[in-house]
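Working notes for the structure below.
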Amino acid sequence: MTDPEPQSFYDAVGGHDTFVRLVDAFYRGVATDEVLKPMYPEEDLGPAAVRLTLFLEQYWGGPTTYSEQRGHPRLRMRHNPFHIDPDARDRWLAHMRTAVDELGLSPLHEATLWDYLERAAYAMVNIFEPRGIGPTRPASSAPLTVHPDTA
């Protein structure tokens, strides 16, 4: 007697149709996001949606079309040209959270998928400089002395 082949996550959650639904819901949010939308080179988000769908399908045990067409995913390298700060990460996660919730997956599958997406989003952050947070010091103001007794 042979053990049946274990089912991939891809198959267990519904395969191609599930990942298309996830990505389509995600990009509906991105399309109106003033921080994320400018990061996408094409005016139409369609090519980005195809790339993300292919990547996620391959990652979760589906077809290997992504690697066949684009080579190794190299996520950090591919995202490096974009300034991904914590705000961009959080916006990405918010749109992805909405998309994941729309799928109605089982709790185990939802938690597994979300864990990966959250870790991936944190790993893509490549810049930490604040944008407009806090008061701006006038250029003419004196330098701030941290330890005046050592100057």
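Ordering of the structure tokens sets the chain letters (A, B, ...); residue numbers start at 1 within each chain; ligands are numbered from 1 in the order shown.
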All residues 10 Å or closer to Val13 of chain A, only C-alpha atoms, same chain fewer than 2 positions away omitted, as a PyMOL selection string: chain A and resi 7-11+15-19+60+103-106+109-110+113
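If you count only C-alpha atoms and ignore residues fewer than 4 places along the chain from Ala94 of chain A, what sits within 10 Å of it is Phe26, Gly29, Val30, Ala88, Arg89, Asp90, Thr98, Ala99 and Val100 of chain A.
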Q | 8 Å contact set for segment 34-44 of chain A, only C-alpha atoms, chain neighbours under 3 positions out, as JSON, numbers by chain | A | {"A": [30, 31, 47, 48, 82, 88, 91, 92]}
- [ ] Please provide as a PyMOL selection string all residues within 12 Å of Gln58 of chain A, with the sequence filter that same-chain residues fewer than 2 positions apart are discarded (counting only C-alpha atoms).
- [x] chain A and resi 8-11+15-16+19+51-56+60-73
Would you save the residues from that selection as a CSV table (one decimal), in the first residue's frame, using N, CA and C atoms?
chain,number,residue,atom,x,y,z
A,8,SER,N,-0.9,19.8,-2.0
A,8,SER,CA,-0.2,21.1,-1.9
A,8,SER,C,-1.2,22.1,-1.3
A,9,PHE,N,-0.6,23.1,-0.7
A,9,PHE,CA,-1.4,24.3,-0.2
A,9,PHE,C,-2.2,24.9,-1.3
A,10,TYR,N,-1.5,25.0,-2.5
A,10,TYR,CA,-2.2,25.5,-3.7
A,10,TYR,C,-3.5,24.8,-4.0
A,11,ASP,N,-3.4,23.5,-4.0
A,11,ASP,CA,-4.6,22.7,-4.3
A,11,ASP,C,-5.6,22.7,-3.2
A,15,GLY,N,-6.6,26.3,-5.7
A,15,GLY,CA,-5.8,26.4,-6.9
A,15,GLY,C,-5.8,27.8,-7.6
A,16,HIS,N,-5.7,27.8,-8.9
A,16,HIS,CA,-5.6,29.0,-9.7
A,16,HIS,C,-6.7,30.1,-9.4
A,19,PHE,N,-6.1,32.1,-6.2
A,19,PHE,CA,-5.0,33.0,-6.2
A,19,PHE,C,-5.4,34.2,-7.1
A,51,ARG,N,2.1,38.8,-12.6
A,51,ARG,CA,3.4,38.4,-12.0
A,51,ARG,C,3.1,37.9,-10.6
A,52,LEU,N,2.3,38.6,-9.8
A,52,LEU,CA,2.1,38.2,-8.4
A,52,LEU,C,1.3,36.9,-8.4
A,53,THR,N,0.3,36.8,-9.2
A,53,THR,CA,-0.4,35.5,-9.3
A,53,THR,C,0.5,34.3,-9.5
A,54,LEU,N,1.3,34.5,-10.6
A,54,LEU,CA,2.3,33.4,-10.9
A,54,LEU,C,3.2,33.1,-9.8
A,55,PHE,N,3.7,34.1,-9.1
A,55,PHE,CA,4.7,33.9,-8.0
A,55,PHE,C,4.0,33.2,-6.9
A,56,LEU,N,2.8,33.7,-6.5
A,56,LEU,CA,2.1,33.0,-5.3
A,56,LEU,C,1.7,31.6,-5.7
A,60,TRP,N,3.3,28.4,-3.5
A,60,TRP,CA,2.4,27.5,-2.7
A,60,TRP,C,2.2,26.1,-3.3
A,61,GLY,N,3.0,25.8,-4.3
A,61,GLY,CA,2.9,24.4,-4.8
A,61,GLY,C,2.2,24.2,-6.1
A,62,GLY,N,1.9,25.3,-6.8
A,62,GLY,CA,1.2,25.3,-8.1
A,62,GLY,C,2.2,25.2,-9.2
A,63,PRO,N,1.7,25.6,-10.4
A,63,PRO,CA,2.6,25.6,-11.6
A,63,PRO,C,3.9,26.4,-11.4
A,64,THR,N,4.9,26.0,-12.1
A,64,THR,CA,6.2,26.7,-12.0
A,64,THR,C,6.4,27.8,-13.1
A,65,THR,N,5.3,28.3,-13.6
A,65,THR,CA,5.3,29.2,-14.7
A,65,THR,C,6.1,30.5,-14.3
A,66,TYR,N,6.1,31.0,-13.1
A,66,TYR,CA,6.8,32.2,-12.7
A,66,TYR,C,8.3,32.0,-13.0
A,67,SER,N,8.9,30.9,-12.5
A,67,SER,CA,10.3,30.7,-12.8
A,67,SER,C,10.6,30.4,-14.2
A,68,GLU,N,9.8,29.8,-14.9
A,68,GLU,CA,10.0,29.5,-16.3
A,68,GLU,C,10.0,30.8,-17.1
A,69,GLN,N,9.2,31.8,-16.8
A,69,GLN,CA,9.1,33.0,-17.5
A,69,GLN,C,10.1,34.1,-17.0
A,70,ARG,N,10.4,34.1,-15.7
A,70,ARG,CA,11.1,35.2,-15.1
A,70,ARG,C,12.4,34.8,-14.3
A,71,GLY,N,12.6,33.5,-14.2
A,71,GLY,CA,13.8,33.0,-13.4
A,71,GLY,C,13.5,33.0,-12.0
A,72,HIS,N,14.5,32.9,-11.2
A,72,HIS,CA,14.4,32.9,-9.7
A,72,HIS,C,13.6,34.1,-9.2
A,73,PRO,N,12.8,34.0,-8.2
A,73,PRO,CA,12.0,35.1,-7.8
A,73,PRO,C,12.8,36.3,-7.3
Check: If you run DSSP on this backbone, which residues of chain A come out as helix (DSSP H, G or I), and could you give them as a ChimeraX atom specification?
Finding: /A:9-12,16-30,37-39,46-59,65-70,75-79,86-103,107-124,148-150
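Between atom CA of Gly46 of chain A and atom CA of Ile127 of chain A there is a distance of 26.7 Å.
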